[in-house]
Every structure is written in structure tokens, then in C-alpha cells.
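target_35.csv (CSV, C-alpha atoms)
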chain,number,residue,atom,x,y,z
I,1,MET,CA,15.3,-17.3,-24.8
I,2,SER,CA,18.5,-17.6,-22.8
I,3,ASP,CA,19.2,-21.0,-21.2
I,4,LYS,CA,19.9,-19.1,-18.0
I,5,LYS,CA,17.2,-18.6,-15.4
I,6,ILE,CA,17.3,-15.5,-13.2
I,7,TYR,CA,15.7,-15.8,-9.8
I,8,VAL,CA,14.8,-12.4,-8.4
I,9,CYS,CA,14.8,-13.0,-4.6
I,10,ALA,CA,13.2,-10.0,-2.9
I,11,SER,CA,12.7,-9.2,0.8
I,12,ALA,CA,9.9,-6.9,-0.3
I,13,HIS,CA,6.3,-8.1,-1.0
I,14,PHE,CA,5.3,-9.0,-4.5
I,15,PRO,CA,3.0,-8.1,-6.1
I,16,HIS,CA,2.0,-5.2,-3.8
I,17,GLY,CA,2.4,-1.8,-5.4
I,18,ASP,CA,4.9,-0.2,-3.1
I,19,ALA,CA,8.3,1.1,-4.3
I,20,GLY,CA,10.1,-2.2,-3.6
I,21,ALA,CA,7.5,-4.3,-5.5
I,22,ASN,CA,7.6,-1.9,-8.5
I,23,ARG,CA,11.4,-2.0,-8.6
I,24,ILE,CA,11.3,-5.8,-8.6
I,25,GLN,CA,8.6,-5.9,-11.3
I,26,TYR,CA,10.3,-3.5,-13.8
I,27,ILE,CA,13.8,-5.0,-13.4
I,28,ALA,CA,12.3,-8.4,-13.9
I,29,GLN,CA,10.4,-7.2,-17.0
I,30,ALA,CA,13.6,-5.7,-18.4
I,31,LEU,CA,15.4,-9.0,-17.9
I,32,LYS,CA,12.5,-10.9,-19.5
I,33,GLN,CA,12.7,-8.6,-22.5
I,34,ALA,CA,16.4,-9.4,-22.6
I,35,SER,CA,15.4,-13.0,-23.3
I,36,TYR,CA,16.0,-14.4,-19.8
I,37,GLU,CA,13.6,-16.8,-18.1
I,38,VAL,CA,12.8,-14.8,-14.9
I,39,ILE,CA,11.1,-16.1,-11.7
I,40,VAL,CA,10.3,-13.7,-8.9
I,41,LEU,CA,10.5,-15.1,-5.3
I,42,SER,CA,9.4,-12.7,-2.6
I,43,CYS,CA,8.6,-12.5,1.1
I,44,GLY,CA,5.1,-11.4,0.5
I,45,GLN,CA,1.7,-13.0,0.6
I,46,THR,CA,-0.1,-14.1,-2.6
I,47,PRO,CA,-3.4,-12.3,-3.3
I,48,LYS,CA,-6.4,-14.5,-2.4
I,49,ASN,CA,-7.9,-14.4,-5.9
I,50,ALA,CA,-4.6,-15.4,-7.6
I,51,LYS,CA,-4.6,-18.6,-9.5
I,52,SER,CA,-1.6,-20.9,-9.8
I,53,GLU,CA,-0.3,-22.5,-12.9
I,54,ASN,CA,2.5,-25.2,-12.8
I,55,GLY,CA,3.3,-24.2,-9.3
I,56,TYR,CA,3.6,-20.4,-10.0
I,57,TYR,CA,1.3,-17.4,-9.8
I,58,TYR,CA,1.6,-14.7,-12.5
I,59,HIS,CA,1.7,-10.9,-12.4
I,60,ALA,CA,2.5,-8.7,-15.3
I,61,GLY,CA,3.5,-11.8,-17.2
I,62,LEU,CA,6.0,-12.8,-14.6
I,63,PRO,CA,5.9,-16.1,-12.7
I,64,TYR,CA,6.3,-15.7,-9.0
I,65,ARG,CA,6.1,-17.6,-5.7
I,66,ASN,CA,5.9,-16.1,-2.2
I,67,LEU,CA,7.1,-17.3,1.2
I,68,GLU,CA,3.6,-16.4,2.6
I,69,LEU,CA,5.2,-15.1,5.9
I,70,LYS,CA,2.8,-13.4,8.3
I,71,ASP,CA,4.9,-12.8,11.4
I,72,ALA,CA,7.2,-9.8,11.1
I,73,ARG,CA,9.7,-11.1,13.6
I,74,LYS,CA,9.8,-14.5,12.0
I,75,GLU,CA,10.3,-12.9,8.6
I,76,LYS,CA,13.3,-11.0,9.8
I,77,LEU,CA,14.9,-14.0,11.5
I,78,LEU,CA,14.2,-16.8,9.1
I,79,SER,CA,13.3,-15.3,5.7
I,80,GLY,CA,16.8,-15.8,4.3
I,81,TYR,CA,16.9,-19.5,5.2
I,82,LEU,CA,13.3,-20.0,4.0
I,83,MET,CA,14.2,-18.3,0.7
I,84,VAL,CA,17.1,-20.7,0.3
I,85,SER,CA,14.6,-23.6,0.7
I,86,LEU,CA,12.4,-22.1,-1.9
I,87,LEU,CA,15.3,-21.7,-4.3
I,88,LYS,CA,16.1,-25.4,-3.8
I,89,LYS,CA,12.4,-26.3,-4.6
I,90,CYS,CA,12.5,-24.3,-7.7
I,91,GLY,CA,15.6,-26.1,-8.9
I,92,VAL,CA,18.2,-23.3,-8.9
I,93,LYS,CA,21.5,-24.6,-10.3
I,94,GLN,CA,24.9,-23.5,-11.4
I,95,GLY,CA,24.6,-21.4,-14.5
I,96,ASP,CA,21.6,-19.6,-13.2
I,97,ILE,CA,21.7,-16.1,-11.6
I,98,VAL,CA,20.2,-15.1,-8.3
I,99,TYR,CA,19.2,-11.4,-8.2
I,100,LEU,CA,19.0,-10.1,-4.6
I,101,TYR,CA,16.8,-7.3,-3.4
I,102,GLY,CA,16.8,-6.2,0.2
I,103,SER,CA,18.9,-4.6,2.9
I,104,ASN,CA,18.3,-6.9,5.9
I,105,SER,CA,21.6,-8.8,6.5
I,106,LEU,CA,19.7,-11.7,8.1
I,107,TYR,CA,17.9,-12.1,4.8
I,108,ILE,CA,20.8,-11.5,2.4
I,109,ALA,CA,23.6,-13.5,4.1
I,110,PRO,CA,22.0,-17.0,4.0
I,111,ILE,CA,21.1,-16.7,0.4
I,112,LEU,CA,24.6,-15.4,-0.6
I,113,LYS,CA,26.4,-18.1,1.3
I,114,PHE,CA,24.2,-20.8,-0.3
I,115,CYS,CA,25.0,-19.4,-3.8
I,116,LYS,CA,28.7,-19.1,-3.1
I,117,LYS,CA,28.9,-22.8,-2.0
I,118,ARG,CA,27.2,-23.9,-5.3
I,119,ASN,CA,29.0,-21.4,-7.5
I,120,ILE,CA,25.8,-19.7,-8.5
I,121,LYS,CA,26.2,-16.1,-9.7
I,122,THR,CA,24.7,-13.4,-7.6
I,123,VAL,CA,23.8,-9.8,-8.4
I,124,ILE,CA,22.4,-7.4,-5.7
I,125,ASP,CA,20.3,-4.3,-6.2
I,126,VAL,CA,21.3,-1.5,-3.9
I,127,VAL,CA,18.8,1.3,-3.7
I,128,GLU,CA,19.7,3.0,-0.4
I,129,TRP,CA,22.7,4.1,1.6
I,130,HIS,CA,21.3,4.0,5.1
I,131,GLN,CA,22.8,6.5,7.7
I,132,PRO,CA,22.6,6.5,11.5
I,133,PHE,CA,20.6,9.7,11.6
I,134,GLN,CA,17.7,7.9,10.0
I,135,TYR,CA,17.2,5.7,13.1
I,136,PRO,CA,16.1,6.5,16.6
I,137,LYS,CA,19.2,4.8,18.2
I,138,GLY,CA,21.7,5.9,15.6
I,139,GLU,CA,24.6,3.6,15.1
I,140,LYS,CA,23.4,1.3,17.8
I,141,ASP,CA,20.0,0.8,16.1
I,142,ILE,CA,19.8,-2.9,15.1
I,143,ARG,CA,18.0,-1.9,11.8
I,144,TYR,CA,20.8,0.4,10.8
I,145,ARG,CA,23.5,-2.2,11.8
I,146,SER,CA,21.7,-4.8,9.7
I,147,ALA,CA,21.4,-2.5,6.6
I,148,ASN,CA,25.0,-1.3,7.0
I,149,LYS,CA,26.3,-4.8,7.2
I,150,THR,CA,24.6,-5.7,3.9
I,151,PHE,CA,25.8,-2.5,2.3
I,152,ALA,CA,29.4,-2.8,3.4
I,153,LYS,CA,30.0,-6.5,3.9
I,154,TRP,CA,27.7,-8.7,1.9
I,155,ALA,CA,27.0,-6.6,-1.2
I,156,PRO,CA,30.7,-6.4,-2.2
I,157,LEU,CA,30.8,-10.2,-2.2
I,158,CYS,CA,28.3,-10.5,-4.9
I,159,ASP,CA,29.4,-11.0,-8.5
I,160,GLY,CA,27.6,-7.8,-9.6
I,161,ILE,CA,26.0,-4.7,-8.0
I,162,VAL,CA,23.1,-2.9,-9.6
I,163,SER,CA,23.2,0.6,-8.1
I,164,ILE,CA,20.3,3.1,-8.2
I,165,SER,CA,22.6,6.1,-8.3
I,166,ASP,CA,26.1,7.2,-9.2
I,167,CYS,CA,26.8,8.0,-5.5
I,168,ILE,CA,26.4,4.4,-4.5
I,169,ALA,CA,28.2,3.1,-7.6
I,170,GLU,CA,31.2,5.3,-6.9
I,171,TYR,CA,31.5,3.7,-3.4
I,172,TYR,CA,31.5,0.2,-4.8
I,173,ARG,CA,33.8,1.0,-7.7
I,174,SER,CA,36.3,2.2,-5.1
I,175,LYS,CA,36.1,-1.3,-3.7
I,176,LYS,CA,36.8,-2.8,-7.1
I,177,CYS,CA,33.2,-4.2,-7.4
I,178,ASN,CA,31.6,-4.8,-10.7
I,179,THR,CA,28.9,-2.1,-10.6
I,180,LYS,CA,26.4,-0.5,-13.0
I,181,VAL,CA,23.9,2.3,-12.5
I,182,PHE,CA,20.2,1.6,-13.2
I,183,PRO,CA,17.9,4.3,-12.0
I,184,VAL,CA,14.2,4.0,-11.2
I,185,ILE,CA,12.5,2.4,-14.2
I,186,ILE,CA,8.8,2.0,-15.0
I,187,ASP,CA,6.4,0.6,-17.6
I,188,ALA,CA,5.4,3.8,-19.2
I,189,ALA,CA,3.1,2.1,-21.7
I,190,GLY,CA,1.1,0.8,-18.7
I,191,ILE,CA,0.4,4.3,-17.4
I,192,PRO,CA,-2.5,6.2,-19.0
I,193,PHE,CA,-1.6,9.7,-20.4
I,194,ASP,CA,-4.4,12.1,-21.3
I,195,PRO,CA,-3.3,15.7,-21.2
I,196,SER,CA,-6.9,16.8,-21.9
I,197,LYS,CA,-7.7,15.9,-18.3
I,198,LYS,CA,-5.5,18.7,-17.0
I,199,GLU,CA,-7.7,21.5,-15.7
I,200,ASN,CA,-5.6,24.2,-17.5
I,201,THR,CA,-7.0,27.1,-15.6
I,202,ASP,CA,-5.3,30.0,-13.8
I,203,ILE,CA,-4.9,27.7,-10.8
I,204,VAL,CA,-1.7,25.6,-10.7
I,205,HIS,CA,-2.0,22.2,-9.0
I,206,LEU,CA,1.0,20.8,-7.2
I,207,ILE,CA,1.2,17.4,-5.6
I,208,TYR,CA,3.4,15.6,-3.0
I,209,PRO,CA,2.6,11.9,-2.9
I,210,GLY,CA,5.5,10.6,-0.7
I,211,ASN,CA,6.3,10.3,3.0
I,212,PRO,CA,7.0,13.9,4.2
I,213,MET,CA,8.8,12.5,7.3
I,214,TYR,CA,11.4,10.6,5.3
I,215,LYS,CA,13.8,12.1,2.7
I,216,ASP,CA,12.1,15.3,1.5
I,217,ASP,CA,12.1,18.6,3.4
I,218,ILE,CA,8.4,19.2,3.8
I,219,GLY,CA,9.1,22.1,6.2
I,220,VAL,CA,11.1,24.0,3.6
I,221,MET,CA,8.5,23.2,1.0
I,222,LEU,CA,5.6,24.6,3.0
I,223,LYS,CA,7.6,27.7,4.0
I,224,GLY,CA,8.3,28.2,0.3
I,225,LEU,CA,4.6,28.3,-0.4
I,226,ALA,CA,4.1,30.6,2.6
I,227,LYS,CA,6.5,33.1,1.0
I,228,LEU,CA,4.0,33.6,-1.9
I,229,THR,CA,1.9,36.7,-1.8
I,230,GLU,CA,-1.8,36.3,-0.9
I,231,ASP,CA,-2.7,36.8,-4.5
I,232,GLU,CA,-0.2,34.2,-5.6
I,233,LYS,CA,-1.5,31.7,-3.1
I,234,GLN,CA,-5.0,32.0,-4.6
I,235,HIS,CA,-3.6,30.5,-7.8
I,236,VAL,CA,-1.9,27.5,-6.2
I,237,ARG,CA,-3.3,24.3,-4.7
I,238,PHE,CA,-0.9,21.9,-3.0
I,239,HIS,CA,-2.3,18.3,-2.8
I,240,MET,CA,-0.8,16.0,-0.2
I,241,THR,CA,-1.7,12.3,-0.4
I,242,GLY,CA,-1.0,9.5,2.0
I,243,VAL,CA,-0.6,11.7,5.1
I,244,LYS,CA,-3.2,13.1,7.5
I,245,GLU,CA,-3.0,16.7,8.6
I,246,GLU,CA,-2.8,15.9,12.3
I,247,LYS,CA,0.2,13.6,11.7
I,248,LEU,CA,2.0,16.3,9.7
I,249,ARG,CA,1.3,18.9,12.3
I,250,ALA,CA,2.8,16.6,15.0
I,251,PHE,CA,5.9,16.1,12.8
I,252,LEU,CA,6.3,19.9,12.2
I,253,ALA,CA,5.9,20.6,15.9
I,254,ASP,CA,6.6,24.3,16.6
I,255,GLU,CA,6.7,25.0,12.8
I,256,GLN,CA,3.1,23.8,12.2
I,257,THR,CA,1.9,27.4,12.2
I,258,VAL,CA,3.0,27.5,8.5
I,259,LEU,CA,0.0,25.4,7.7
I,260,ASP,CA,-2.3,28.0,9.3
I,261,GLN,CA,-0.6,30.6,7.0
I,262,LEU,CA,-1.4,28.6,4.0
I,263,GLY,CA,-5.1,27.8,4.7
I,264,ASP,CA,-6.9,26.4,1.7
I,265,THR,CA,-3.7,26.3,-0.4
I,266,VAL,CA,-2.9,22.9,1.1
I,267,LEU,CA,-5.3,20.1,0.5
I,268,PHE,CA,-5.0,16.8,2.5
I,269,HIS,CA,-6.3,13.7,0.8
I,270,GLY,CA,-5.1,11.1,3.2
I,271,TRP,CA,-5.3,7.5,2.0
I,272,MET,CA,-7.1,7.2,-1.4
I,273,GLU,CA,-8.6,4.4,-3.4
I,274,TYR,CA,-6.5,3.5,-6.4
I,275,ASP,CA,-8.9,4.9,-9.0
I,276,GLU,CA,-9.2,8.2,-7.0
I,277,LEU,CA,-5.4,8.5,-6.8
I,278,ILE,CA,-5.0,8.0,-10.6
I,279,ASN,CA,-7.7,10.5,-11.3
I,280,LEU,CA,-5.9,13.0,-9.2
I,281,TYR,CA,-2.6,12.3,-10.9
I,282,GLN,CA,-4.2,12.9,-14.3
I,283,ARG,CA,-5.5,16.3,-13.1
I,284,VAL,CA,-2.5,17.8,-11.4
I,285,ASP,CA,0.3,19.8,-13.1
I,286,TYR,CA,3.5,19.6,-11.0
I,287,LEU,CA,5.3,17.3,-8.5
I,288,TYR,CA,6.7,19.6,-5.8
I,289,MET,CA,9.7,18.4,-3.8
I,290,SER,CA,12.8,19.8,-2.2
I,291,ARG,CA,15.4,17.6,-0.5
I,292,PRO,CA,18.3,18.3,1.9
I,293,ASP,CA,21.7,17.6,0.6
I,294,ASN,CA,23.1,14.7,2.5
I,295,LEU,CA,24.5,11.2,1.8
I,296,VAL,CA,21.0,9.6,1.9
I,297,THR,CA,19.5,11.9,-0.7
I,298,ARG,CA,22.5,11.9,-2.9
I,299,ALA,CA,22.5,8.1,-3.0
I,300,ASN,CA,18.7,7.8,-3.4
I,301,PHE,CA,16.5,8.2,-6.5
I,302,PRO,CA,12.9,9.4,-5.8
I,303,SER,CA,10.8,6.4,-6.9
I,304,LYS,CA,7.6,8.4,-7.6
I,305,LEU,CA,9.3,10.9,-10.0
I,306,PRO,CA,9.2,8.8,-13.2
I,307,GLU,CA,5.7,7.4,-12.4
I,308,LEU,CA,4.2,10.9,-12.0
I,309,MET,CA,6.1,12.2,-15.1
I,310,ALA,CA,4.4,9.4,-17.0
I,311,TYR,CA,1.0,11.1,-16.2
I,312,GLY,CA,2.4,14.4,-17.5
I,313,ILE,CA,3.2,15.8,-14.1
I,314,VAL,CA,6.3,18.1,-14.3
I,315,PRO,CA,8.8,17.9,-11.5
I,316,ILE,CA,9.6,21.0,-9.5
I,317,GLY,CA,12.7,20.1,-7.4
I,318,ASN,CA,16.2,20.9,-6.3
I,319,ARG,CA,19.4,19.4,-7.8
I,320,VAL,CA,20.2,16.7,-5.3
I,321,GLY,CA,21.2,13.1,-6.3
I,322,ASP,CA,21.0,11.8,-9.9
I,323,TYR,CA,17.4,12.4,-11.0
I,324,TYR,CA,17.9,15.9,-12.3
I,325,ARG,CA,20.6,14.7,-14.7
I,326,TYR,CA,17.9,13.0,-16.7
I,327,LEU,CA,15.9,16.2,-16.9
I,328,THR,CA,16.1,19.6,-18.6
I,329,ASP,CA,15.2,22.8,-16.7
I,330,GLY,CA,12.5,24.7,-18.4
I,331,LYS,CA,11.7,21.8,-20.8
I,332,ASP,CA,10.4,18.9,-18.7
I,333,ALA,CA,11.2,20.2,-15.2
I,334,VAL,CA,11.6,23.2,-13.1
I,335,LEU,CA,14.9,22.9,-11.2
I,336,PHE,CA,16.7,24.9,-8.6
I,337,ASP,CA,19.8,24.6,-6.5
I,338,GLU,CA,19.3,25.4,-2.9
I,339,ASN,CA,17.0,23.6,-0.4
I,340,THR,CA,15.5,26.9,0.9
I,341,PRO,CA,12.1,28.4,1.2
I,342,GLU,CA,13.3,31.3,-1.0
I,343,ALA,CA,14.4,28.9,-3.8
I,344,CYS,CA,11.1,27.0,-3.6
I,345,ALA,CA,9.1,30.2,-3.8
I,346,GLU,CA,11.0,31.4,-6.8
I,347,ALA,CA,10.5,28.1,-8.6
I,348,ILE,CA,6.7,28.2,-8.0
I,349,ARG,CA,6.7,31.8,-9.2
I,350,ARG,CA,8.3,30.6,-12.5
I,351,VAL,CA,5.4,28.2,-12.9
I,352,LEU,CA,2.8,30.8,-12.1
I,353,ALA,CA,4.3,33.1,-14.8
I,354,MET,CA,3.8,30.4,-17.5
I,355,SER,CA,1.0,30.5,-19.9
I,356,VAL,CA,-1.4,27.5,-20.2
I,357,GLU,CA,0.2,26.6,-23.5
I,358,GLU,CA,3.7,26.5,-21.9
I,359,ARG,CA,2.4,24.3,-19.1
I,360,GLN,CA,0.8,22.0,-21.7
I,361,THR,CA,4.0,21.7,-23.6
I,362,MET,CA,6.0,20.8,-20.5
I,363,CYS,CA,3.4,18.2,-19.6
I,364,VAL,CA,4.0,16.4,-22.9
I,365,GLU,CA,7.7,16.8,-22.6
I,366,ALA,CA,7.6,15.2,-19.2
I,367,ARG,CA,5.8,12.2,-20.6
I,368,ASN,CA,8.3,12.0,-23.5
I,369,THR,CA,11.3,12.0,-21.1
I,370,VAL,CA,9.8,9.1,-19.2
I,371,CYS,CA,9.3,7.1,-22.4
I,372,ASN,CA,12.8,7.8,-23.6
I,373,GLN,CA,14.8,7.7,-20.3
I,374,PHE,CA,13.0,5.6,-17.7
I,375,ASP,CA,10.9,3.0,-19.5
I,376,TYR,CA,12.2,-0.5,-18.7
I,377,SER,CA,12.4,-1.4,-22.4
I,378,LYS,CA,15.2,1.2,-22.8
I,379,TRP,CA,17.3,-0.6,-20.2
I,380,ALA,CA,16.8,-4.2,-21.1
I,381,GLU,CA,19.9,-4.6,-23.3
I,382,ARG,CA,22.1,-2.7,-20.9
I,383,LEU,CA,20.9,-4.9,-18.1
I,384,LYS,CA,21.6,-8.0,-20.1
I,385,GLU,CA,25.2,-6.8,-20.9
I,386,PHE,CA,25.8,-6.2,-17.2
I,387,MET,CA,24.4,-9.7,-16.3
I,388,GLU,CA,26.8,-11.2,-18.8
I,389,SER,CA,29.7,-9.3,-17.4
I,390,THR,CA,29.4,-10.9,-14.0
I,391,LYS,CA,32.3,-13.3,-13.4

Please re-express this file's structure in C-alpha cells.
Amino acid sequence: MSDKKIYVCASAHFPHGDAGANRIQYIAQALKQASYEVIVLSCGQTPKNAKSENGYYYHAGLPYRNLELKDARKEKLLSGYLMVSLLKKCGVKQGDIVYLYGSNSLYIAPILKFCKKRNIKTVIDVVEWHQPFQYPKGEKDIRYRSANKTFAKWAPLCDGIVSISDCIAEYYRSKKCNTKVFPVIIDAAGIPFDPSKKENTDIVHLIYPGNPMYKDDIGVMLKGLAKLTEDEKQHVRFHMTGVKEEKLRAFLADEQTVLDQLGDTVLFHGWMEYDELINLYQRVDYLYMSRPDNLVTRANFPSKLPELMAYGIVPIGNRVGDYYRYLTDGKDAVLFDENTPEACAEAIRRVLAMSVEERQTMCVEARNTVCNQFDYSKWAERLKEFMESTK
């Protein structure tokens, strides 16, 4: 065990189960495997049934403490200073490393300044490159300004930058920052894989589990499905989780008629209990997503992709960002170039032309790729080398 402690200070809630909490957990587990003593400190609230031991709670073998903040405005304004107080209580000292996760400058700045004064090494995990078009008020939006300040001002002052993509890494390398790419990683062994649960019929089951109003182009995806012949549509079911039909129709506005063209091809599940969601994951065949090509998507790595692949769900997607570089078209994924309805339809037709045996083989290959490419254990030593490279 290293004599260095690493404090993972996250503005996300831990443990919670969202993308931020998962990122924190798997990075922390990789650091632990690399023989560091790791402590997670987050802005979340501790589950009511959690039991403390020596002042810490435990999740996935990781000790953690939370700020227990309830008021969103208070969290944004004071969370950085409160995290500094928690670091002091935990006994952080020179020789330790503080690993930062978050884009809110009001959170990052106080912690970074505290560490700089005490000569404590800092590493920041950058997972997004926020752009004005993502916000209602554009460049004047306070949320964008905060995220951009962290990205452009505070992150380069850290001793190391963990980047989720090459796109982000290239930016920081141009600023002479010590940067290393670590994609989305997961605990593959903790995800059940049972290919016998796939239905393996003449109906192909696709799924989209994300937020269709965020990075992915749900309009193009639906139009791609609509380009299928009526006979082809009979052999496809597109499952959408976490979104209600009325909300999606409101988002699509004038283009919502595409849903009427698809009829029973699209199945809305809305919010699902955990066990129901896992059961669905085990049954479906393909993750279906298409993304516009812009700075946000090139810099991002879809967090659900490795998780779903661990269930044997094969990605159908276009080549935007880094994720496809870890995959092989026709082996563990079905890849295409353009974010267009025509390209989407052609990719689905490729799937429909496959035999059940070919689909089963791709299912197993998708799982193998996750175990070999995205499991946190495969990144532990590389993460340790990077931590030791911080000046």
C-alpha cells in the first residue's frame, strides 16, 4: 500500500448511480488496485441505511464521506469551501493527492487554492467541453461561464489532468499541461452477463437509455427507423428508457409526426425500477445512437456504452469522438460515418440481415471488448504511472 492518500473530491453525489458517481467509483477502484489509500469525498447525501465505521461510510469497498448538502443554491455557492473544511478534518497533508471532479468553478477554485498554498498535488478529471449552444443564454449563461472558467483557467493550474477523450487532451497538451486520456471505465465483473437471456428471434431489439435532448440526435435516429420498409419495421423494436413519450414529442415539436409513422416499433418505458431495467438490458440486442459532429460530442465519451456492452449489447453508432476507436465494425459494433437518417437505416438493415448466430457472436465479442478495454483493472497501472508523473 502506498503511503500516499488520494482524496477524490467530487461535486457529484456518491454513491448515487448516475454517470458522475460511476466515474468517481471506478476511478477510485482503479487507484485502490494501484495500491493507493483512496477516500471519496462528495457533495451528496449518505443513504439512510448506511453504517459508519471509523468516521467513514463504505461503498464498493471505498471509504467515503459526504457534505450532506440539501439546498442546491447553497451547494453551488459554498460547496468548495465546505469541501476544504472536510479535507482538513480528514487530515489531508503534503504528500497526498487531491483528485478533483466537477466543472463548477465556485466548487473547484477554493479547493485548488487551498491545495496550492499547502503544496498538495492536484489532479482534475475533465469529462466535458461545454459550449455556449448547450445553454439557454449562450455565452452569458452563468452555468456556461462557470464551466468554461474551470475548463480554461483552473484545470490548467492542476498538476495533472485526466481527460476522458483525445479531443480534450489535445487542448491541454497545447497548453503544456501534464495530460493523460482515460475513457469511461467500469467494473465489468460486477455486471451479470447471460447471453441465453437474449430472445434470439426474428425481432431485433434496440435500446436508447440516455437523455435524447442532450448529445445524441434522436430526431435523426427516429427518421432512420422511419426509412425502413413496413416489413422491416415489423422486425424491429426500439426501446426508450428514462423518457416519456409526451416529453419527447414536445422536444421534437414539428417533427413529432415521425413517431406516428413508427407506431409500435418504438416502446416507451419511462422510469424503471433497477431490477426491471437490468432485465431489459439482458434481453435487448443493440444500443442505437447517432450523434452530431461538434466540439461537445468529439470531446465526450458516451458513459452508457461500456456498461451496456458488458450486458452483451452491441453498439450501433456513428464515428464521432473516441469511443469507436476501441471497437471493430462488424465484430463488436456496427459503425457508420454520417449522422443522417439514411446512414442509420442502412446500419439497421445490416443488423436485420444477420443470422441469429452472427448476432450471438457479436454479443459475446461486445462483452469481451469491455473486459479487455474498459474494465477499471486494465487501467490501474496506467493511472498509477500518471499519478506518479505529477510534479

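The interatomic distance for the pair atom CA of I:Tyr281 and atom CA of I:Asp202 works out to 18.1 Å.
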
query: Can you tell me how far atom CA of I:Asp337 sits from atom CA of I:Glu232, in Å to one decimal?
result: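 Interatomic distance, atom CA of I:Asp337 to atom CA of I:Glu232: 22.2 Å.
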
message: Using all atoms listed in the file and a cutoff of 10 Å, can you tell me which residues are near (15.9, 17.7, -5.6) in the file's coordinates, and write them out as a ChimeraX atom specification?
response: /I:216-217,288-293,297-298,301-302,315-324,335-339

message: Quick check, in Å to one decimal: how far apart do atom CA of I:Val314 and atom CA of I:Leu267 lie?
response: 18.9 Å

- prompt: So which residues are close to (28.4, -9.3, -14.2), meaning at most 7 Å away in the file's coordinates with all atoms listed in the file counted, and can you show them as a list in words?
  reply: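 Those residues, ordered by chain and then number, are Asp159, Gly160, Asn178, Phe386, Met387, Glu388, Ser389, Thr390 and Lys391 of chain I.
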
message: Can you tell me which residues surround stretch 203-212 of chain I at a distance of at most 9 Å, considering only C-alpha atoms, apart from same-chain residues fewer than 4 positions away, and format the answer as JSON, numbers by chain?
response: {"I": [199, 216, 217, 218, 219, 234, 235, 236, 237, 238, 239, 240, 241, 242, 243, 248, 251, 281, 283, 284, 285, 286, 287, 288, 289, 304, 313, 316, 351, 352]}

- request: Would you mind telling me which residue in I:Gly61, I:Gly91, I:Gly138, I:Gly263 lies nearest to I:Gln33 when using all atoms listed in the file?
  value: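 Counting all atoms listed in the file, the residue closest to I:Gln33 is I:Gly61.
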
field: Nearest candidate to I:Ile27 (options I:Asp332, I:Asp125, I:Asp71, I:Glu53; using only C-alpha atoms)
entry: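 Of I:Asp332, I:Asp125, I:Asp71, I:Glu53, the one nearest I:Ile27 is I:Asp125, counting only C-alpha atoms.
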
Among listed residues I:Ile161, I:Ala226, I:Ala10, I:Ala28, nearest I:Leu262 (using all atoms listed in the file): I:Ala226

field: Selection: 7 Å around I:Lys180, only C-alpha atoms, excl. self and same-chain fewer than 6 positions, as a list of chain:residue names
entry: I:Ile161, I:Val162, I:Ser163, I:Ala169

Kindly save the residues from that selection, with C-alpha atoms included, as a compact mmCIF listing (two decimals), keeping the file's coordinate frame.
# COMPACT_ATOMS: atom_id res chain seq x y z
CA ILE I 161 26.00 -4.70 -8.00
CA VAL I 162 23.10 -2.90 -9.60
CA SER I 163 23.20 0.60 -8.10
CA ALA I 169 28.20 3.10 -7.60

field: Closest of I:His130, I:Lys4, I:Gly80, I:Asn279 to I:Lys93 - atom-to-atom distances counting only C-alpha atoms
entry: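 Among I:His130, I:Lys4, I:Gly80, I:Asn279, it is I:Lys4 that comes nearest to I:Lys93.
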
message: Which residues are close to stretch 370-375 of chain I, i.e. within 9 Å by all atoms listed in the file, leaving aside same-chain residues fewer than 6 positions away? Reply as a list in words.
response: Tyr26, Pro183, Val184, Ile185, Ile186, Asp187, Ala188, Ala189, Pro306, Glu307, Met309, Ala310 and Tyr326 of chain I

field: Contacts of I:Ser146 at 9 Å (all atoms listed in the file; same-chain gap of 4+ positions) as a count of residues only
entry: 8

message: I'd like the neighbourhood of I:Pro47 as a list in words, where a residue qualifies if any of its atoms comes within 10 Å (using all atoms listed in the file), though same-chain residues fewer than 4 positions away should be ignored.
response: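 The neighbour list is Phe14, Pro15, His16, Lys51 and Tyr57 of chain I.
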
Complete stretch 353-367 of chain I with N, CA and C atoms (output as an mmCIF file, keeping the file's coordinate frame).
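So selection.cif came out as:
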data_model
loop_
_atom_site.group_PDB
_atom_site.id
_atom_site.type_symbol
_atom_site.label_atom_id
_atom_site.label_comp_id
_atom_site.auth_asym_id
_atom_site.auth_seq_id
_atom_site.Cartn_x
_atom_site.Cartn_y
_atom_site.Cartn_z
ATOM 1 N N ALA I 353 4.107 32.140 -13.700
ATOM 2 C CA ALA I 353 4.300 33.100 -14.800
ATOM 3 C C ALA I 353 4.100 32.447 -16.168
ATOM 4 N N MET I 354 4.001 31.125 -16.211
ATOM 5 C CA MET I 354 3.800 30.400 -17.500
ATOM 6 C C MET I 354 2.409 30.532 -18.003
ATOM 7 N N SER I 355 2.301 30.513 -19.317
ATOM 8 C CA SER I 355 1.000 30.500 -19.900
ATOM 9 C C SER I 355 0.448 29.025 -19.888
ATOM 10 N N VAL I 356 -0.826 28.860 -20.119
ATOM 11 C CA VAL I 356 -1.400 27.500 -20.200
ATOM 12 C C VAL I 356 -0.740 26.699 -21.269
ATOM 13 N N GLU I 357 -0.421 27.333 -22.385
ATOM 14 C CA GLU I 357 0.200 26.600 -23.500
ATOM 15 C C GLU I 357 1.608 26.125 -23.104
ATOM 16 N N GLU I 358 2.341 26.930 -22.371
ATOM 17 C CA GLU I 358 3.700 26.500 -21.900
ATOM 18 C C GLU I 358 3.576 25.340 -20.947
ATOM 19 N N ARG I 359 2.589 25.378 -20.065
ATOM 20 C CA ARG I 359 2.400 24.300 -19.100
ATOM 21 C C ARG I 359 2.011 23.000 -19.876
ATOM 22 N N GLN I 360 1.176 23.131 -20.902
ATOM 23 C CA GLN I 360 0.800 22.000 -21.700
ATOM 24 C C GLN I 360 1.981 21.344 -22.399
ATOM 25 N N THR I 361 2.852 22.195 -22.928
ATOM 26 C CA THR I 361 4.000 21.700 -23.600
ATOM 27 C C THR I 361 4.960 20.953 -22.660
ATOM 28 N N MET I 362 5.152 21.488 -21.455
ATOM 29 C CA MET I 362 6.000 20.800 -20.500
ATOM 30 C C MET I 362 5.388 19.487 -20.028
ATOM 31 N N CYS I 363 4.072 19.450 -19.960
ATOM 32 C CA CYS I 363 3.400 18.200 -19.600
ATOM 33 C C CYS I 363 3.713 17.101 -20.603
ATOM 34 N N VAL I 364 3.646 17.420 -21.892
ATOM 35 C CA VAL I 364 4.000 16.400 -22.900
ATOM 36 C C VAL I 364 5.434 16.072 -22.916
ATOM 37 N N GLU I 365 6.306 17.049 -22.669
ATOM 38 C CA GLU I 365 7.700 16.800 -22.600
ATOM 39 C C GLU I 365 8.098 15.871 -21.437
ATOM 40 N N ALA I 366 7.407 16.050 -20.310
ATOM 41 C CA ALA I 366 7.600 15.200 -19.200
ATOM 42 C C ALA I 366 7.321 13.729 -19.506
ATOM 43 N N ARG I 367 6.207 13.527 -20.179
ATOM 44 C CA ARG I 367 5.800 12.200 -20.600
ATOM 45 C C ARG I 367 6.861 11.618 -21.596
#
